[in-house]
Structure formats: structure tokens, C-alpha cells
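Student: mmCIF, N, CA and C atoms, saved as final.cif, coming up:
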data_start
loop_
_atom_site.group_PDB
_atom_site.id
_atom_site.type_symbol
_atom_site.label_atom_id
_atom_site.label_comp_id
_atom_site.auth_asym_id
_atom_site.auth_seq_id
_atom_site.Cartn_x
_atom_site.Cartn_y
_atom_site.Cartn_z
ATOM 1 N N MET A 10 128.370 135.702 138.337
ATOM 2 C CA MET A 10 129.663 135.154 138.666
ATOM 3 C C MET A 10 130.410 136.175 139.505
ATOM 4 N N SER A 11 131.256 135.664 140.362
ATOM 5 C CA SER A 11 132.129 136.551 141.118
ATOM 6 C C SER A 11 133.497 135.901 141.239
ATOM 7 N N SER A 12 134.495 136.754 141.405
ATOM 8 C CA SER A 12 135.855 136.235 141.522
ATOM 9 C C SER A 12 136.084 135.706 142.924
ATOM 10 N N ASN A 13 137.103 134.881 143.043
ATOM 11 C CA ASN A 13 137.443 134.280 144.322
ATOM 12 C C ASN A 13 138.781 134.844 144.788
ATOM 13 N N PRO A 14 138.779 135.661 145.853
ATOM 14 C CA PRO A 14 140.044 136.215 146.340
ATOM 15 C C PRO A 14 141.057 135.135 146.714
ATOM 16 N N GLY A 15 140.596 133.974 147.121
ATOM 17 C CA GLY A 15 141.492 132.876 147.471
ATOM 18 C C GLY A 15 142.175 132.256 146.267
ATOM 19 N N GLU A 16 141.735 132.619 145.071
ATOM 20 C CA GLU A 16 142.337 132.108 143.834
ATOM 21 C C GLU A 16 142.801 133.269 142.965
ATOM 22 N N ASP A 17 143.406 134.266 143.585
ATOM 23 C CA ASP A 17 143.958 135.431 142.883
ATOM 24 C C ASP A 17 142.920 136.196 142.070
ATOM 25 N N GLY A 18 141.689 136.193 142.506
ATOM 26 C CA GLY A 18 140.656 136.932 141.795
ATOM 27 C C GLY A 18 140.221 136.302 140.490
ATOM 28 N N THR A 19 140.537 135.036 140.305
ATOM 29 C CA THR A 19 140.193 134.340 139.067
ATOM 30 C C THR A 19 138.699 134.025 139.037
ATOM 31 N N VAL A 20 138.087 134.244 137.886
ATOM 32 C CA VAL A 20 136.686 133.897 137.678
ATOM 33 C C VAL A 20 136.645 132.562 136.952
ATOM 34 N N LYS A 21 135.854 131.638 137.466
ATOM 35 C CA LYS A 21 135.725 130.330 136.822
ATOM 36 C C LYS A 21 134.255 130.049 136.549
ATOM 37 N N ARG A 22 134.006 129.485 135.394
ATOM 38 C CA ARG A 22 132.639 129.111 135.037
ATOM 39 C C ARG A 22 132.692 127.812 134.249
ATOM 40 N N SER A 23 131.984 126.810 134.705
ATOM 41 C CA SER A 23 131.876 125.549 133.962
ATOM 42 C C SER A 23 130.758 125.698 132.940
ATOM 43 N N VAL A 24 131.026 125.263 131.727
ATOM 44 C CA VAL A 24 130.055 125.363 130.646
ATOM 45 C C VAL A 24 129.903 123.980 130.037
ATOM 46 N N THR A 25 128.681 123.587 129.759
ATOM 47 C CA THR A 25 128.423 122.280 129.151
ATOM 48 C C THR A 25 127.681 122.469 127.832
ATOM 49 N N GLY A 26 127.626 121.400 127.061
ATOM 50 C CA GLY A 26 126.854 121.410 125.829
ATOM 51 C C GLY A 26 127.533 122.077 124.647
ATOM 52 N N LEU A 27 128.838 122.303 124.731
ATOM 53 C CA LEU A 27 129.545 122.921 123.612
ATOM 54 C C LEU A 27 129.864 121.878 122.542
ATOM 55 N N THR A 28 129.902 122.307 121.310
ATOM 56 C CA THR A 28 130.172 121.421 120.184
ATOM 57 C C THR A 28 131.680 121.338 119.941
ATOM 58 N N PRO A 29 132.218 120.127 119.743
ATOM 59 C CA PRO A 29 133.660 119.984 119.474
ATOM 60 C C PRO A 29 134.072 120.737 118.210
ATOM 61 N N GLY A 30 135.295 121.282 118.231
ATOM 62 C CA GLY A 30 135.842 121.950 117.053
ATOM 63 C C GLY A 30 135.099 123.202 116.642
ATOM 64 N N THR A 31 134.559 123.928 117.604
ATOM 65 C CA THR A 31 133.742 125.104 117.311
ATOM 66 C C THR A 31 134.337 126.344 117.974
ATOM 67 N N VAL A 32 134.273 127.475 117.268
ATOM 68 C CA VAL A 32 134.735 128.749 117.817
ATOM 69 C C VAL A 32 133.581 129.399 118.576
ATOM 70 N N TYR A 33 133.855 129.831 119.794
ATOM 71 C CA TYR A 33 132.881 130.549 120.612
ATOM 72 C C TYR A 33 133.483 131.891 121.022
ATOM 73 N N SER A 34 132.629 132.889 121.147
ATOM 74 C CA SER A 34 133.047 134.211 121.608
ATOM 75 C C SER A 34 132.434 134.465 122.972
ATOM 76 N N TYR A 35 133.111 135.303 123.766
ATOM 77 C CA TYR A 35 132.602 135.618 125.097
ATOM 78 C C TYR A 35 133.055 137.016 125.503
ATOM 79 N N ARG A 36 132.381 137.542 126.512
ATOM 80 C CA ARG A 36 132.734 138.830 127.113
ATOM 81 C C ARG A 36 132.482 138.750 128.606
ATOM 82 N N PHE A 37 133.146 139.642 129.322
ATOM 83 C CA PHE A 37 132.875 139.819 130.739
ATOM 84 C C PHE A 37 132.323 141.224 130.927
ATOM 85 N N ARG A 38 131.429 141.348 131.891
ATOM 86 C CA ARG A 38 130.871 142.659 132.175
ATOM 87 C C ARG A 38 130.841 142.856 133.684
ATOM 88 N N GLN A 39 131.220 144.066 134.101
ATOM 89 C CA GLN A 39 131.134 144.438 135.508
ATOM 90 C C GLN A 39 130.529 145.830 135.556
ATOM 91 N N GLY A 40 129.306 145.907 136.027
ATOM 92 C CA GLY A 40 128.599 147.182 136.000
ATOM 93 C C GLY A 40 128.408 147.622 134.568
ATOM 94 N N ILE A 41 128.928 148.817 134.230
ATOM 95 C CA ILE A 41 128.799 149.312 132.854
ATOM 96 C C ILE A 41 130.038 149.006 132.013
ATOM 97 N N LYS A 42 131.054 148.430 132.625
ATOM 98 C CA LYS A 42 132.283 148.105 131.895
ATOM 99 C C LYS A 42 132.158 146.736 131.235
ATOM 100 N N THR A 43 132.606 146.668 129.984
ATOM 101 C CA THR A 43 132.559 145.417 129.227
ATOM 102 C C THR A 43 133.946 145.125 128.671
ATOM 103 N N SER A 44 134.348 143.875 128.779
ATOM 104 C CA SER A 44 135.659 143.471 128.264
ATOM 105 C C SER A 44 135.654 143.420 126.741
ATOM 106 N N ARG A 45 136.840 143.290 126.192
ATOM 107 C CA ARG A 45 136.942 142.986 124.765
ATOM 108 C C ARG A 45 136.321 141.613 124.530
ATOM 109 N N ILE A 46 136.022 141.325 123.299
ATOM 110 C CA ILE A 46 135.471 140.012 122.962
ATOM 111 C C ILE A 46 136.598 138.992 123.000
ATOM 112 N N GLY A 47 136.401 137.954 123.785
ATOM 113 C CA GLY A 47 137.353 136.853 123.844
ATOM 114 C C GLY A 47 136.913 135.741 122.911
ATOM 115 N N ARG A 48 137.815 134.840 122.640
ATOM 116 C CA ARG A 48 137.530 133.752 121.700
ATOM 117 C C ARG A 48 138.107 132.470 122.248
ATOM 118 N N LEU A 49 137.372 131.406 122.114
ATOM 119 C CA LEU A 49 137.900 130.091 122.455
ATOM 120 C C LEU A 49 137.436 129.093 121.415
ATOM 121 N N VAL A 50 138.208 128.062 121.256
ATOM 122 C CA VAL A 50 137.864 126.988 120.326
ATOM 123 C C VAL A 50 137.819 125.704 121.133
ATOM 124 N N THR A 51 136.723 124.996 121.043
ATOM 125 C CA THR A 51 136.634 123.723 121.751
ATOM 126 C C THR A 51 137.509 122.692 121.049
ATOM 127 N N PRO A 52 138.054 121.751 121.800
ATOM 128 C CA PRO A 52 138.902 120.733 121.170
ATOM 129 C C PRO A 52 138.091 119.838 120.242
ATOM 130 N N PRO A 53 138.764 119.218 119.284
ATOM 131 C CA PRO A 53 138.060 118.283 118.403
ATOM 132 C C PRO A 53 137.664 117.030 119.183
ATOM 133 N N THR A 54 136.891 116.192 118.559
ATOM 134 C CA THR A 54 136.535 114.924 119.202
ATOM 135 C C THR A 54 137.798 114.090 119.392
ATOM 136 N N PRO A 55 137.819 113.206 120.386
ATOM 137 C CA PRO A 55 139.010 112.384 120.623
ATOM 138 C C PRO A 55 139.440 111.552 119.415
ATOM 139 N N SER A 56 138.508 111.179 118.563
ATOM 140 C CA SER A 56 138.855 110.353 117.403
ATOM 141 C C SER A 56 139.298 111.177 116.193
ATOM 142 N N SER A 57 139.266 112.494 116.311
ATOM 143 C CA SER A 57 139.645 113.358 115.196
ATOM 144 C C SER A 57 141.161 113.389 115.027
ATOM 145 N N PRO A 58 141.645 113.339 113.782
ATOM 146 C CA PRO A 58 143.092 113.411 113.543
ATOM 147 C C PRO A 58 143.614 114.855 113.481
ATOM 148 N N ALA A 59 142.841 115.813 113.965
ATOM 149 C CA ALA A 59 143.223 117.224 113.868
ATOM 150 C C ALA A 59 144.510 117.505 114.642
ATOM 151 N N PRO A 60 145.406 118.315 114.072
ATOM 152 C CA PRO A 60 146.640 118.672 114.784
ATOM 153 C C PRO A 60 146.334 119.635 115.930
ATOM 154 N N VAL A 61 147.216 119.675 116.895
ATOM 155 C CA VAL A 61 147.124 120.624 118.000
ATOM 156 C C VAL A 61 148.380 121.485 117.962
ATOM 157 N N ARG A 62 148.202 122.787 117.915
ATOM 158 C CA ARG A 62 149.331 123.719 117.846
ATOM 159 C C ARG A 62 149.453 124.450 119.175
ATOM 160 N N LEU A 63 150.621 124.317 119.789
ATOM 161 C CA LEU A 63 150.862 124.923 121.088
ATOM 162 C C LEU A 63 151.890 126.038 120.971
ATOM 163 N N GLY A 64 151.714 127.069 121.763
ATOM 164 C CA GLY A 64 152.701 128.133 121.887
ATOM 165 C C GLY A 64 153.117 128.215 123.342
ATOM 166 N N TRP A 65 154.296 128.755 123.591
ATOM 167 C CA TRP A 65 154.715 128.908 124.987
ATOM 168 C C TRP A 65 155.662 130.089 125.113
ATOM 169 N N SER A 66 155.713 130.631 126.295
ATOM 170 C CA SER A 66 156.657 131.695 126.606
ATOM 171 C C SER A 66 156.818 131.764 128.115
ATOM 172 N N GLY A 67 157.758 132.550 128.535
ATOM 173 C CA GLY A 67 157.986 132.764 129.955
ATOM 174 C C GLY A 67 158.982 133.887 130.143
ATOM 175 N N ASP A 68 159.223 134.228 131.386
ATOM 176 C CA ASP A 68 160.185 135.261 131.744
ATOM 177 C C ASP A 68 159.946 136.533 130.945
ATOM 178 N N SER A 69 158.788 137.129 131.125
ATOM 179 C CA SER A 69 158.429 138.311 130.346
ATOM 180 C C SER A 69 159.201 139.559 130.761
ATOM 181 N N ASN A 70 159.794 139.580 131.914
ATOM 182 C CA ASN A 70 160.612 140.670 132.451
ATOM 183 C C ASN A 70 159.786 141.929 132.678
ATOM 184 N N ALA A 71 159.571 142.249 133.912
ATOM 185 C CA ALA A 71 158.757 143.406 134.295
ATOM 186 C C ALA A 71 159.288 144.715 133.730
ATOM 187 N N PHE A 72 160.571 144.757 133.373
ATOM 188 C CA PHE A 72 161.156 145.991 132.869
ATOM 189 C C PHE A 72 160.974 146.154 131.360
ATOM 190 N N PHE A 73 160.360 145.181 130.696
ATOM 191 C CA PHE A 73 160.155 145.252 129.251
ATOM 192 C C PHE A 73 158.704 145.571 128.894
ATOM 193 N N ARG A 74 158.006 146.269 129.764
ATOM 194 C CA ARG A 74 156.624 146.617 129.460
ATOM 195 C C ARG A 74 156.581 147.454 128.195
ATOM 196 N N PRO A 75 155.587 147.356 127.360
ATOM 197 C CA PRO A 75 154.276 146.763 127.536
ATOM 198 C C PRO A 75 154.154 145.315 127.075
ATOM 199 N N TYR A 76 155.173 144.515 127.150
ATOM 200 C CA TYR A 76 155.118 143.076 126.856
ATOM 201 C C TYR A 76 154.650 142.792 125.433
ATOM 202 N N THR A 77 155.181 143.474 124.467
ATOM 203 C CA THR A 77 154.745 143.275 123.083
ATOM 204 C C THR A 77 154.981 141.851 122.605
ATOM 205 N N VAL A 78 155.932 141.152 123.201
ATOM 206 C CA VAL A 78 156.158 139.761 122.801
ATOM 207 C C VAL A 78 154.911 138.914 123.062
ATOM 208 N N LEU A 79 154.113 139.303 124.048
ATOM 209 C CA LEU A 79 152.914 138.531 124.352
ATOM 210 C C LEU A 79 151.791 138.762 123.345
ATOM 211 N N ASP A 80 151.968 139.709 122.427
ATOM 212 C CA ASP A 80 150.979 139.885 121.358
ATOM 213 C C ASP A 80 150.844 138.616 120.527
ATOM 214 N N GLU A 81 151.884 137.803 120.504
ATOM 215 C CA GLU A 81 151.854 136.559 119.733
ATOM 216 C C GLU A 81 150.796 135.587 120.249
ATOM 217 N N ILE A 82 150.342 135.774 121.478
ATOM 218 C CA ILE A 82 149.293 134.905 122.027
ATOM 219 C C ILE A 82 148.039 134.989 121.168
ATOM 220 N N ARG A 83 147.851 136.111 120.518
ATOM 221 C CA ARG A 83 146.637 136.315 119.716
ATOM 222 C C ARG A 83 146.681 135.628 118.357
ATOM 223 N N ILE A 84 147.772 134.967 118.042
ATOM 224 C CA ILE A 84 147.878 134.300 116.744
ATOM 225 C C ILE A 84 146.776 133.243 116.635
ATOM 226 N N PRO A 85 145.914 133.334 115.639
ATOM 227 C CA PRO A 85 144.814 132.379 115.525
ATOM 228 C C PRO A 85 145.267 130.941 115.295
ATOM 229 N N ALA A 86 146.471 130.748 114.777
ATOM 230 C CA ALA A 86 146.921 129.390 114.464
ATOM 231 C C ALA A 86 147.357 128.613 115.703
ATOM 232 N N VAL A 87 147.356 129.243 116.875
ATOM 233 C CA VAL A 87 147.768 128.559 118.097
ATOM 234 C C VAL A 87 146.520 128.113 118.849
ATOM 235 N N ASP A 88 146.463 126.832 119.184
ATOM 236 C CA ASP A 88 145.304 126.292 119.890
ATOM 237 C C ASP A 88 145.357 126.554 121.390
ATOM 238 N N ALA A 89 146.539 126.551 121.952
ATOM 239 C CA ALA A 89 146.693 126.788 123.388
ATOM 240 C C ALA A 89 148.044 127.436 123.637
ATOM 241 N N TRP A 90 148.095 128.276 124.652
ATOM 242 C CA TRP A 90 149.333 128.973 125.002
ATOM 243 C C TRP A 90 149.693 128.629 126.440
ATOM 244 N N LEU A 91 150.921 128.231 126.653
ATOM 245 C CA LEU A 91 151.419 127.915 127.990
ATOM 246 C C LEU A 91 152.373 129.018 128.407
ATOM 247 N N PHE A 92 152.008 129.745 129.448
ATOM 248 C CA PHE A 92 152.893 130.784 129.981
ATOM 249 C C PHE A 92 153.534 130.219 131.236
ATOM 250 N N ILE A 93 154.835 129.985 131.185
ATOM 251 C CA ILE A 93 155.500 129.268 132.276
ATOM 252 C C ILE A 93 155.945 130.181 133.407
ATOM 253 N N GLY A 94 155.466 131.396 133.417
ATOM 254 C CA GLY A 94 155.719 132.274 134.548
ATOM 255 C C GLY A 94 156.827 133.264 134.318
ATOM 256 N N ASP A 95 157.316 133.749 135.393
ATOM 257 C CA ASP A 95 158.274 134.824 135.356
ATOM 258 C C ASP A 95 159.348 134.571 136.399
ATOM 259 N N THR A 96 160.385 135.366 136.355
ATOM 260 C CA THR A 96 161.426 135.248 137.367
ATOM 261 C C THR A 96 161.227 136.322 138.424
ATOM 262 N N ILE A 97 161.951 136.207 139.508
ATOM 263 C CA ILE A 97 161.831 137.198 140.575
ATOM 264 C C ILE A 97 162.802 138.349 140.393
ATOM 265 N N TYR A 98 163.689 138.258 139.422
ATOM 266 C CA TYR A 98 164.682 139.296 139.147
ATOM 267 C C TYR A 98 165.570 139.562 140.353
ATOM 268 N N GLY A 99 165.898 138.500 141.067
ATOM 269 C CA GLY A 99 166.724 138.623 142.257
ATOM 270 C C GLY A 99 168.099 139.182 141.984
ATOM 271 N N ASP A 100 168.578 139.044 140.760
ATOM 272 C CA ASP A 100 169.916 139.539 140.437
ATOM 273 C C ASP A 100 169.882 140.758 139.520
ATOM 274 N N ASP A 101 168.730 141.378 139.357
ATOM 275 C CA ASP A 101 168.613 142.535 138.487
ATOM 276 C C ASP A 101 168.786 143.807 139.308
ATOM 277 N N PRO A 102 169.773 144.651 138.975
ATOM 278 C CA PRO A 102 170.013 145.855 139.771
ATOM 279 C C PRO A 102 168.863 146.860 139.729
ATOM 280 N N ARG A 103 167.941 146.722 138.773
ATOM 281 C CA ARG A 103 166.817 147.655 138.706
ATOM 282 C C ARG A 103 165.701 147.295 139.672
ATOM 283 N N ALA A 104 165.764 146.123 140.290
ATOM 284 C CA ALA A 104 164.674 145.655 141.147
ATOM 285 C C ALA A 104 164.436 146.614 142.314
ATOM 286 N N ASP A 105 165.281 146.619 143.292
ATOM 287 C CA ASP A 105 165.134 147.561 144.395
ATOM 288 C C ASP A 105 166.478 148.057 144.909
ATOM 289 N N GLY A 106 167.546 147.597 144.297
ATOM 290 C CA GLY A 106 168.869 148.037 144.682
ATOM 291 C C GLY A 106 169.428 147.396 145.933
ATOM 292 N N LEU A 107 168.655 146.558 146.572
ATOM 293 C CA LEU A 107 169.101 145.913 147.803
ATOM 294 C C LEU A 107 169.411 144.451 147.529
ATOM 295 N N ASP A 108 170.609 144.047 147.849
ATOM 296 C CA ASP A 108 171.005 142.658 147.649
ATOM 297 C C ASP A 108 170.766 141.857 148.918
ATOM 298 N N ALA A 109 170.210 140.682 148.760
ATOM 299 C CA ALA A 109 170.086 139.762 149.891
ATOM 300 C C ALA A 109 171.461 139.145 150.118
ATOM 301 N N MET A 110 171.975 139.282 151.319
ATOM 302 C CA MET A 110 173.331 138.820 151.612
ATOM 303 C C MET A 110 173.371 137.418 152.215
ATOM 304 N N THR A 111 172.271 136.979 152.793
ATOM 305 C CA THR A 111 172.214 135.643 153.388
ATOM 306 C C THR A 111 170.996 134.926 152.837
ATOM 307 N N LEU A 112 170.953 133.629 153.025
ATOM 308 C CA LEU A 112 169.797 132.857 152.581
ATOM 309 C C LEU A 112 168.537 133.340 153.292
ATOM 310 N N GLN A 113 168.651 133.653 154.555
ATOM 311 C CA GLN A 113 167.504 134.151 155.321
ATOM 312 C C GLN A 113 167.023 135.495 154.749
ATOM 313 N N ASP A 114 167.963 136.384 154.380
ATOM 314 C CA ASP A 114 167.592 137.653 153.745
ATOM 315 C C ASP A 114 166.872 137.410 152.413
ATOM 316 N N TYR A 115 167.379 136.441 151.666
ATOM 317 C CA TYR A 115 166.796 136.102 150.367
ATOM 318 C C TYR A 115 165.349 135.631 150.533
ATOM 319 N N TYR A 116 165.119 134.728 151.491
ATOM 320 C CA TYR A 116 163.756 134.245 151.742
ATOM 321 C C TYR A 116 162.846 135.382 152.192
ATOM 322 N N ALA A 117 163.373 136.296 153.004
ATOM 323 C CA ALA A 117 162.566 137.420 153.473
ATOM 324 C C ALA A 117 162.207 138.359 152.325
ATOM 325 N N LYS A 118 163.138 138.523 151.398
ATOM 326 C CA LYS A 118 162.920 139.440 150.284
ATOM 327 C C LYS A 118 161.970 138.871 149.238
ATOM 328 N N TYR A 119 162.083 137.568 148.982
ATOM 329 C CA TYR A 119 161.298 136.973 147.909
ATOM 330 C C TYR A 119 160.264 136.024 148.421
#
With the file now loaded, output its structure as C-alpha cells.

Tutor:
Amino acid sequence: MSSNPGEDGTVKRSVTGLTPGTVYSYRFRQGIKTSRIGRLVTPPTPSSPAPVRLGWSGDSNAFFRPYTVLDEIRIPAVDAWLFIGDTIYGDDPRADGLDAMTLQDYYAKY
């Protein structure tokens, strides 16, 4: 597998033959480097009455590193996590100290 620069370096792999409602583990390897073990759970069958638990977050704020709030993504009780993105911090004085004064300046900056 290789990443696609046209898709932000995202690696995609289609997998078939997985069993519904099953936990699978995976890893990525590049040369001698190996990722942590990842985990995914396949969805139940469409006729299953199993509940679906969703988590969501957004606006992580680049100035709040190391993003400890995102540790909650690892909660096993959540089936899927929706990260709705981040803001551009256009009004945060810590960004670069330069204010866009016109709409054209704003578009150029962001």
C-alpha cells in the first residue's frame, strides 16, 4: 500500500470477508517502523437490534496541545467518532499577530 498525496497522504485499503460484530486489530509498517496496534469493530448485521454509540468533537485549538481531550476517542464504548474539524483562529491574537483588514486580505491569509 502507498499513500496518495492527492488525498492528504491518506492510506486506503478495501477489505472484504469480515464478520459482522467482530473486533479486528491492525498495524501499519513502513520499513522498520511499526505503528501501534489499531482496533476496529465491524458493524452488526442490518437486522441486529444492537445500539450504536457515537462520539463527536471539534475545534481542538492548536494552542491546547497535546490535545488530551482527544484521548476520549479511545473509549471502547464508542462505536464511531466524528471529528468536525477545527477553526482557523482568525481572531486569536496568538496566531500570527497580523489582522486581515479587508475581505481580500482575509482570503489571502486563510

Student: Work out how far CA of Ala117 (chain A) is from CA of Leu91 (chain A), in Å to one decimal.

Tutor: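 These two atoms are separated by 29.4 Å.
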
Student: Can you work out the spacing between CA of Thr31 (chain A) and CA of Ser57 (chain A) in Å, to one decimal?

Tutor: 13.3 Å

Student: What does the structure give for the distance between CA of Val32 (chain A) and atom N of Arg48 (chain A), in Å to one decimal?

Tutor: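 Going from CA of Val32 (chain A) over to atom N of Arg48 (chain A), I get 8.4 Å.
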
Student: So which residues touch Pro60 (chain A) within 12 Å, counting only C-alpha atoms, skipping near sequence neighbours fewer than 5 positions away, as an mmCIF file with N, CA and C atoms, in the frame of the given file?

Tutor:
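For reference, around_23.cif as written:
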data_model
loop_
_atom_site.group_PDB
_atom_site.id
_atom_site.type_symbol
_atom_site.label_atom_id
_atom_site.label_comp_id
_atom_site.auth_asym_id
_atom_site.auth_seq_id
_atom_site.Cartn_x
_atom_site.Cartn_y
_atom_site.Cartn_z
ATOM 1 N N GLY A 30 135.295 121.282 118.231
ATOM 2 C CA GLY A 30 135.842 121.950 117.053
ATOM 3 C C GLY A 30 135.099 123.202 116.642
ATOM 4 N N PRO A 52 138.054 121.751 121.800
ATOM 5 C CA PRO A 52 138.902 120.733 121.170
ATOM 6 C C PRO A 52 138.091 119.838 120.242
ATOM 7 N N PRO A 53 138.764 119.218 119.284
ATOM 8 C CA PRO A 53 138.060 118.283 118.403
ATOM 9 C C PRO A 53 137.664 117.030 119.183
ATOM 10 N N THR A 54 136.891 116.192 118.559
ATOM 11 C CA THR A 54 136.535 114.924 119.202
ATOM 12 C C THR A 54 137.798 114.090 119.392
ATOM 13 N N PRO A 55 137.819 113.206 120.386
ATOM 14 C CA PRO A 55 139.010 112.384 120.623
ATOM 15 C C PRO A 55 139.440 111.552 119.415
ATOM 16 N N ALA A 86 146.471 130.748 114.777
ATOM 17 C CA ALA A 86 146.921 129.390 114.464
ATOM 18 C C ALA A 86 147.357 128.613 115.703
ATOM 19 N N VAL A 87 147.356 129.243 116.875
ATOM 20 C CA VAL A 87 147.768 128.559 118.097
ATOM 21 C C VAL A 87 146.520 128.113 118.849
ATOM 22 N N ASP A 88 146.463 126.832 119.184
ATOM 23 C CA ASP A 88 145.304 126.292 119.890
ATOM 24 C C ASP A 88 145.357 126.554 121.390
ATOM 25 N N ALA A 89 146.539 126.551 121.952
ATOM 26 C CA ALA A 89 146.693 126.788 123.388
ATOM 27 C C ALA A 89 148.044 127.436 123.637
#

Student: Near Arg36 (chain A), within 10 Å and counting only C-alpha atoms, which residues show up once chain neighbours fewer than 5 positions away are dropped, as a list in words?

Tutor: Thr43, Ser44, Arg45, Ile46, Gly47 and Arg48 of chain A

Student: Okay, now the selection with N, CA and C atoms, as a compact mmCIF listing (two decimals), in the coordinates of the input?

Tutor:
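Result went into selection_38.txt, see below:
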# COMPACT_ATOMS: atom_id res chain seq x y z
N THR A 43 132.61 146.67 129.98
CA THR A 43 132.56 145.42 129.23
C THR A 43 133.95 145.12 128.67
N SER A 44 134.35 143.88 128.78
CA SER A 44 135.66 143.47 128.26
C SER A 44 135.65 143.42 126.74
N ARG A 45 136.84 143.29 126.19
CA ARG A 45 136.94 142.99 124.76
C ARG A 45 136.32 141.61 124.53
N ILE A 46 136.02 141.32 123.30
CA ILE A 46 135.47 140.01 122.96
C ILE A 46 136.60 138.99 123.00
N GLY A 47 136.40 137.95 123.78
CA GLY A 47 137.35 136.85 123.84
C GLY A 47 136.91 135.74 122.91
N ARG A 48 137.82 134.84 122.64
CA ARG A 48 137.53 133.75 121.70
C ARG A 48 138.11 132.47 122.25

Student: When DSSP is applied to the backbone of this structure, which of chain A are assigned helix (DSSP H, G or I)? Write them out as a ChimeraX atom specification.

Tutor: /A:14-16,71-73,77-83,112-118

Student: Care to translate the PyMOL selection byres (((chain A and resi 79 and name CA) around 12) and name CA) into actual residues of this file, as a ChimeraX atom specification?

Tutor: /A:64-70,73-78,80-84,90-92

Student: From the list A:Asp114, A:Val61, A:Thr51, A:Gly40, which residue is nearest Leu27 (chain A) when using all atoms listed in the file?

Tutor: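 Result for the nearest residue to Leu27 (chain A): A:Thr51.
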
Student: Looking at only C-alpha atoms, which of A:Ala59, A:Met110, A:Met10, A:Ile41 is the one that sits closest to Pro29 (chain A)?

Tutor: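 Ranking A:Ala59, A:Met110, A:Met10, A:Ile41 by distance to Pro29 (chain A), first place goes to A:Ala59.
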
Student: As a VMD selection string, list the residues of chain A assigned to strand (DSSP E or B) by DSSP on the backbone atoms of this structure.

Tutor: chain A and resid 13 19 32 to 35 38 to 39 42 to 43 47 to 50 63 to 66 89 to 92

Student: I need the residue nearest Arg22 (chain A) from this list: A:Leu107, A:Leu112, A:Val50, A:Tyr35. Use only C-alpha atoms for the distance.

Tutor: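 For Arg22 (chain A), the nearest of the given residues is A:Tyr35.
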
Student: Find, counting only C-alpha atoms, the residue in A:Gln113, A:Ser11, A:Thr25, A:Ser56 that gets nearest to Phe37 (chain A).

Tutor: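 The shortest atom-to-atom distance to Phe37 (chain A) comes from A:Ser11.
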